[in-house]
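input_37.pdb (PDB, N, CA and C atoms, pLDDT in the B column)
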ATOM      1  N   MET A   1      15.354 -41.467 -14.518  1.00 68.00           N
ATOM      2  CA  MET A   1      15.978 -42.625 -15.118  1.00 68.00           C
ATOM      3  C   MET A   1      16.244 -42.401 -16.598  1.00 68.00           C
ATOM      4  N   ILE A   2      15.272 -41.822 -17.290  1.00 71.00           N
ATOM      5  CA  ILE A   2      15.463 -41.586 -18.717  1.00 71.00           C
ATOM      6  C   ILE A   2      16.542 -40.539 -18.948  1.00 71.00           C
ATOM      7  N   ALA A   3      16.605 -39.523 -18.087  1.00 76.00           N
ATOM      8  CA  ALA A   3      17.650 -38.507 -18.235  1.00 76.00           C
ATOM      9  C   ALA A   3      19.028 -39.121 -18.063  1.00 76.00           C
ATOM     10  N   LEU A   4      19.164 -40.041 -17.134  1.00 81.00           N
ATOM     11  CA  LEU A   4      20.438 -40.734 -16.946  1.00 81.00           C
ATOM     12  C   LEU A   4      20.794 -41.530 -18.189  1.00 81.00           C
ATOM     13  N   TYR A   5      19.811 -42.181 -18.789  1.00 76.00           N
ATOM     14  CA  TYR A   5      20.040 -42.940 -20.018  1.00 76.00           C
ATOM     15  C   TYR A   5      20.474 -42.012 -21.149  1.00 76.00           C
ATOM     16  N   PHE A   6      19.817 -40.855 -21.290  1.00 74.00           N
ATOM     17  CA  PHE A   6      20.206 -39.895 -22.318  1.00 74.00           C
ATOM     18  C   PHE A   6      21.651 -39.456 -22.149  1.00 74.00           C
ATOM     19  N   VAL A   7      22.045 -39.177 -20.928  1.00 77.00           N
ATOM     20  CA  VAL A   7      23.406 -38.699 -20.678  1.00 77.00           C
ATOM     21  C   VAL A   7      24.424 -39.789 -20.972  1.00 77.00           C
ATOM     22  N   THR A   8      24.232 -40.964 -20.418  1.00 80.00           N
ATOM     23  CA  THR A   8      25.238 -42.013 -20.595  1.00 80.00           C
ATOM     24  C   THR A   8      25.306 -42.510 -22.026  1.00 80.00           C
ATOM     25  N   ILE A   9      24.184 -42.841 -22.610  1.00 74.00           N
ATOM     26  CA  ILE A   9      24.182 -43.379 -23.965  1.00 74.00           C
ATOM     27  C   ILE A   9      24.424 -42.278 -24.993  1.00 74.00           C
ATOM     28  N   GLY A  10      23.707 -41.179 -24.862  1.00 74.00           N
ATOM     29  CA  GLY A  10      23.791 -40.112 -25.856  1.00 74.00           C
ATOM     30  C   GLY A  10      25.143 -39.452 -25.935  1.00 74.00           C
ATOM     31  N   VAL A  11      25.744 -39.178 -24.819  1.00 79.00           N
ATOM     32  CA  VAL A  11      27.009 -38.448 -24.817  1.00 79.00           C
ATOM     33  C   VAL A  11      28.195 -39.387 -24.979  1.00 79.00           C
ATOM     34  N   ILE A  12      28.259 -40.415 -24.165  1.00 82.00           N
ATOM     35  CA  ILE A  12      29.432 -41.289 -24.176  1.00 82.00           C
ATOM     36  C   ILE A  12      29.471 -42.157 -25.428  1.00 82.00           C
ATOM     37  N   ILE A  13      28.407 -42.889 -25.673  1.00 80.00           N
ATOM     38  CA  ILE A  13      28.400 -43.789 -26.825  1.00 80.00           C
ATOM     39  C   ILE A  13      28.136 -43.020 -28.115  1.00 80.00           C
ATOM     40  N   GLY A  14      27.300 -42.005 -28.051  1.00 76.00           N
ATOM     41  CA  GLY A  14      26.987 -41.223 -29.238  1.00 76.00           C
ATOM     42  C   GLY A  14      28.202 -40.557 -29.857  1.00 76.00           C
ATOM     43  N   SER A  15      29.151 -40.153 -29.049  1.00 78.00           N
ATOM     44  CA  SER A  15      30.362 -39.541 -29.597  1.00 78.00           C
ATOM     45  C   SER A  15      31.207 -40.561 -30.343  1.00 78.00           C
ATOM     46  N   ARG A  16      31.109 -41.813 -29.979  1.00 83.00           N
ATOM     47  CA  ARG A  16      31.861 -42.869 -30.674  1.00 83.00           C
ATOM     48  C   ARG A  16      31.167 -43.312 -31.950  1.00 83.00           C
ATOM     49  N   ILE A  17      29.840 -43.277 -31.963  1.00 82.00           N
ATOM     50  CA  ILE A  17      29.088 -43.747 -33.129  1.00 82.00           C
ATOM     51  C   ILE A  17      29.114 -42.710 -34.250  1.00 82.00           C
ATOM     52  N   GLY A  18      28.965 -41.456 -33.914  1.00 78.00           N
ATOM     53  CA  GLY A  18      28.935 -40.410 -34.926  1.00 78.00           C
ATOM     54  C   GLY A  18      27.531 -40.211 -35.472  1.00 78.00           C
ATOM     55  N   GLU A  19      27.429 -39.889 -36.774  1.00 82.00           N
ATOM     56  CA  GLU A  19      26.133 -39.608 -37.380  1.00 82.00           C
ATOM     57  C   GLU A  19      25.535 -40.859 -38.008  1.00 82.00           C
ATOM     58  N   MET A  20      24.217 -40.898 -37.985  1.00 79.00           N
ATOM     59  CA  MET A  20      23.479 -41.986 -38.622  1.00 79.00           C
ATOM     60  C   MET A  20      22.377 -41.358 -39.459  1.00 79.00           C
ATOM     61  N   GLY A  21      22.454 -41.502 -40.759  1.00 85.00           N
ATOM     62  CA  GLY A  21      21.432 -40.934 -41.635  1.00 85.00           C
ATOM     63  C   GLY A  21      21.379 -39.420 -41.606  1.00 85.00           C
ATOM     64  N   GLY A  22      22.479 -38.771 -41.305  1.00 88.00           N
ATOM     65  CA  GLY A  22      22.517 -37.317 -41.248  1.00 88.00           C
ATOM     66  C   GLY A  22      22.137 -36.725 -39.908  1.00 88.00           C
ATOM     67  N   PHE A  23      21.809 -37.566 -38.935  1.00 86.00           N
ATOM     68  CA  PHE A  23      21.436 -37.115 -37.597  1.00 86.00           C
ATOM     69  C   PHE A  23      22.478 -37.580 -36.595  1.00 86.00           C
ATOM     70  N   SER A  24      22.683 -36.790 -35.558  1.00 83.00           N
ATOM     71  CA  SER A  24      23.545 -37.250 -34.477  1.00 83.00           C
ATOM     72  C   SER A  24      22.835 -38.380 -33.747  1.00 83.00           C
ATOM     73  N   PHE A  25      23.584 -39.168 -33.012  1.00 80.00           N
ATOM     74  CA  PHE A  25      22.999 -40.305 -32.308  1.00 80.00           C
ATOM     75  C   PHE A  25      21.933 -39.855 -31.326  1.00 80.00           C
ATOM     76  N   LEU A  26      22.161 -38.742 -30.648  1.00 80.00           N
ATOM     77  CA  LEU A  26      21.187 -38.247 -29.673  1.00 80.00           C
ATOM     78  C   LEU A  26      19.890 -37.825 -30.361  1.00 80.00           C
ATOM     79  N   GLN A  27      19.983 -37.149 -31.513  1.00 83.00           N
ATOM     80  CA  GLN A  27      18.784 -36.765 -32.259  1.00 83.00           C
ATOM     81  C   GLN A  27      18.051 -37.994 -32.781  1.00 83.00           C
ATOM     82  N   TRP A  28      18.765 -39.035 -33.096  1.00 83.00           N
ATOM     83  CA  TRP A  28      18.167 -40.261 -33.601  1.00 83.00           C
ATOM     84  C   TRP A  28      17.477 -41.041 -32.479  1.00 83.00           C
ATOM     85  N   MET A  29      18.024 -40.964 -31.268  1.00 80.00           N
ATOM     86  CA  MET A  29      17.541 -41.757 -30.151  1.00 80.00           C
ATOM     87  C   MET A  29      16.348 -41.116 -29.429  1.00 80.00           C
ATOM     88  N   VAL A  30      16.265 -39.805 -29.373  1.00 81.00           N
ATOM     89  CA  VAL A  30      15.243 -39.108 -28.583  1.00 81.00           C
ATOM     90  C   VAL A  30      13.811 -39.497 -28.974  1.00 81.00           C
ATOM     91  N   PRO A  31      13.424 -39.520 -30.255  1.00 85.00           N
ATOM     92  CA  PRO A  31      12.033 -39.896 -30.562  1.00 85.00           C
ATOM     93  C   PRO A  31      11.660 -41.296 -30.075  1.00 85.00           C
ATOM     94  N   GLY A  32      12.561 -42.236 -30.181  1.00 82.00           N
ATOM     95  CA  GLY A  32      12.290 -43.583 -29.692  1.00 82.00           C
ATOM     96  C   GLY A  32      12.119 -43.626 -28.190  1.00 82.00           C
ATOM     97  N   MET A  33      12.929 -42.871 -27.474  1.00 79.00           N
ATOM     98  CA  MET A  33      12.814 -42.840 -26.015  1.00 79.00           C
ATOM     99  C   MET A  33      11.513 -42.168 -25.588  1.00 79.00           C
ATOM    100  N   VAL A  34      11.098 -41.139 -26.310  1.00 83.00           N
ATOM    101  CA  VAL A  34       9.836 -40.471 -25.992  1.00 83.00           C
ATOM    102  C   VAL A  34       8.675 -41.435 -26.213  1.00 83.00           C
ATOM    103  N   MET A  35       8.700 -42.173 -27.305  1.00 87.00           N
ATOM    104  CA  MET A  35       7.621 -43.123 -27.581  1.00 87.00           C
ATOM    105  C   MET A  35       7.602 -44.268 -26.574  1.00 87.00           C
ATOM    106  N   MET A  36       8.750 -44.678 -26.087  1.00 81.00           N
ATOM    107  CA  MET A  36       8.795 -45.747 -25.087  1.00 81.00           C
ATOM    108  C   MET A  36       8.206 -45.289 -23.757  1.00 81.00           C
ATOM    109  N   SER A  37       8.286 -43.998 -23.463  1.00 78.00           N
ATOM    110  CA  SER A  37       7.784 -43.510 -22.183  1.00 78.00           C
ATOM    111  C   SER A  37       6.280 -43.233 -22.198  1.00 78.00           C
ATOM    112  N   VAL A  38       5.680 -43.253 -23.365  1.00 79.00           N
ATOM    113  CA  VAL A  38       4.234 -42.974 -23.479  1.00 79.00           C
ATOM    114  C   VAL A  38       3.436 -44.194 -23.086  1.00 79.00           C
TER     115      VAL A  38
END
For this file, produce the structure as structure tokens.
Amino acid sequence: MIALYFVTIGVIIGSRIGEMGGFSFLQWMVPGMVMMSV
């Protein structure tokens, strides 16, 4: 389920958002998703 979320949000929406604070959207999102799964 989390992998599906990474693909849909990270790739599709992340390409539209661009960079945030010098990080790509996927790099920005991964730590939060890891902490949510703990």
Residues within 10 Å of segment 4-8 of chain A, please, as number ranges by chain. Count only C-alpha atoms; anything in the same chain fewer than 2 positions from it doesn't count.
A: 1-2, 10-14, 26, 29-30, 33
As a list in words, please: every residue in chain A that DSSP puts in strand (DSSP E or B).
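So the strand (DSSP E or B) residues in chain A would be Glu19, Met20, Phe23 and Ser24 of chain A.
Taking atom C of Ser15 of chain A and atom C of Val38 of chain A as the two end points, the separation is 28.9 Å.
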With DSSP run on the backbone, what are the helix (DSSP H, G or I) residues within chain A? I'd like them as an mmCIF file with N, CA and C atoms, in the coordinates of the input.
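The new file result.cif reads:
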data_model
loop_
_atom_site.group_PDB
_atom_site.id
_atom_site.type_symbol
_atom_site.label_atom_id
_atom_site.label_comp_id
_atom_site.auth_asym_id
_atom_site.auth_seq_id
_atom_site.Cartn_x
_atom_site.Cartn_y
_atom_site.Cartn_z
ATOM 1 N N ILE A 2 15.272 -41.822 -17.290
ATOM 2 C CA ILE A 2 15.463 -41.586 -18.717
ATOM 3 C C ILE A 2 16.542 -40.539 -18.948
ATOM 4 N N ALA A 3 16.605 -39.523 -18.087
ATOM 5 C CA ALA A 3 17.650 -38.507 -18.235
ATOM 6 C C ALA A 3 19.028 -39.121 -18.063
ATOM 7 N N LEU A 4 19.164 -40.041 -17.134
ATOM 8 C CA LEU A 4 20.438 -40.734 -16.946
ATOM 9 C C LEU A 4 20.794 -41.530 -18.189
ATOM 10 N N TYR A 5 19.811 -42.181 -18.789
ATOM 11 C CA TYR A 5 20.040 -42.940 -20.018
ATOM 12 C C TYR A 5 20.474 -42.012 -21.149
ATOM 13 N N PHE A 6 19.817 -40.855 -21.290
ATOM 14 C CA PHE A 6 20.206 -39.895 -22.318
ATOM 15 C C PHE A 6 21.651 -39.456 -22.149
ATOM 16 N N VAL A 7 22.045 -39.177 -20.928
ATOM 17 C CA VAL A 7 23.406 -38.699 -20.678
ATOM 18 C C VAL A 7 24.424 -39.789 -20.972
ATOM 19 N N THR A 8 24.232 -40.964 -20.418
ATOM 20 C CA THR A 8 25.238 -42.013 -20.595
ATOM 21 C C THR A 8 25.306 -42.510 -22.026
ATOM 22 N N ILE A 9 24.184 -42.841 -22.610
ATOM 23 C CA ILE A 9 24.182 -43.379 -23.965
ATOM 24 C C ILE A 9 24.424 -42.278 -24.993
ATOM 25 N N GLY A 10 23.707 -41.179 -24.862
ATOM 26 C CA GLY A 10 23.791 -40.112 -25.856
ATOM 27 C C GLY A 10 25.143 -39.452 -25.935
ATOM 28 N N VAL A 11 25.744 -39.178 -24.819
ATOM 29 C CA VAL A 11 27.009 -38.448 -24.817
ATOM 30 C C VAL A 11 28.195 -39.387 -24.979
ATOM 31 N N ILE A 12 28.259 -40.415 -24.165
ATOM 32 C CA ILE A 12 29.432 -41.289 -24.176
ATOM 33 C C ILE A 12 29.471 -42.157 -25.428
ATOM 34 N N ILE A 13 28.407 -42.889 -25.673
ATOM 35 C CA ILE A 13 28.400 -43.789 -26.825
ATOM 36 C C ILE A 13 28.136 -43.020 -28.115
ATOM 37 N N GLY A 14 27.300 -42.005 -28.051
ATOM 38 C CA GLY A 14 26.987 -41.223 -29.238
ATOM 39 C C GLY A 14 28.202 -40.557 -29.857
ATOM 40 N N SER A 15 29.151 -40.153 -29.049
ATOM 41 C CA SER A 15 30.362 -39.541 -29.597
ATOM 42 C C SER A 15 31.207 -40.561 -30.343
ATOM 43 N N ARG A 16 31.109 -41.813 -29.979
ATOM 44 C CA ARG A 16 31.861 -42.869 -30.674
ATOM 45 C C ARG A 16 31.167 -43.312 -31.950
ATOM 46 N N ILE A 17 29.840 -43.277 -31.963
ATOM 47 C CA ILE A 17 29.088 -43.747 -33.129
ATOM 48 C C ILE A 17 29.114 -42.710 -34.250
ATOM 49 N N PHE A 25 23.584 -39.168 -33.012
ATOM 50 C CA PHE A 25 22.999 -40.305 -32.308
ATOM 51 C C PHE A 25 21.933 -39.855 -31.326
ATOM 52 N N LEU A 26 22.161 -38.742 -30.648
ATOM 53 C CA LEU A 26 21.187 -38.247 -29.673
ATOM 54 C C LEU A 26 19.890 -37.825 -30.361
ATOM 55 N N GLN A 27 19.983 -37.149 -31.513
ATOM 56 C CA GLN A 27 18.784 -36.765 -32.259
ATOM 57 C C GLN A 27 18.051 -37.994 -32.781
ATOM 58 N N TRP A 28 18.765 -39.035 -33.096
ATOM 59 C CA TRP A 28 18.167 -40.261 -33.601
ATOM 60 C C TRP A 28 17.477 -41.041 -32.479
ATOM 61 N N MET A 29 18.024 -40.964 -31.268
ATOM 62 C CA MET A 29 17.541 -41.757 -30.151
ATOM 63 C C MET A 29 16.348 -41.116 -29.429
ATOM 64 N N VAL A 30 16.265 -39.805 -29.373
ATOM 65 C CA VAL A 30 15.243 -39.108 -28.583
ATOM 66 C C VAL A 30 13.811 -39.497 -28.974
ATOM 67 N N PRO A 31 13.424 -39.520 -30.255
ATOM 68 C CA PRO A 31 12.033 -39.896 -30.562
ATOM 69 C C PRO A 31 11.660 -41.296 -30.075
ATOM 70 N N GLY A 32 12.561 -42.236 -30.181
ATOM 71 C CA GLY A 32 12.290 -43.583 -29.692
ATOM 72 C C GLY A 32 12.119 -43.626 -28.190
ATOM 73 N N MET A 33 12.929 -42.871 -27.474
ATOM 74 C CA MET A 33 12.814 -42.840 -26.015
ATOM 75 C C MET A 33 11.513 -42.168 -25.588
ATOM 76 N N VAL A 34 11.098 -41.139 -26.310
ATOM 77 C CA VAL A 34 9.836 -40.471 -25.992
ATOM 78 C C VAL A 34 8.675 -41.435 -26.213
ATOM 79 N N MET A 35 8.700 -42.173 -27.305
ATOM 80 C CA MET A 35 7.621 -43.123 -27.581
ATOM 81 C C MET A 35 7.602 -44.268 -26.574
ATOM 82 N N MET A 36 8.750 -44.678 -26.087
ATOM 83 C CA MET A 36 8.795 -45.747 -25.087
ATOM 84 C C MET A 36 8.206 -45.289 -23.757
ATOM 85 N N SER A 37 8.286 -43.998 -23.463
ATOM 86 C CA SER A 37 7.784 -43.510 -22.183
ATOM 87 C C SER A 37 6.280 -43.233 -22.198
#
In Å, rounded to a single decimal, give me how far atom CA of Ile9 of chain A is from atom C of Gln27 of chain A.
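Separation of atom C of Gln27 of chain A and atom CA of Ile9 of chain A: 12.0 Å.
Here atom N of Met20 of chain A and atom N of Ser37 of chain A stand 21.8 Å from one another.
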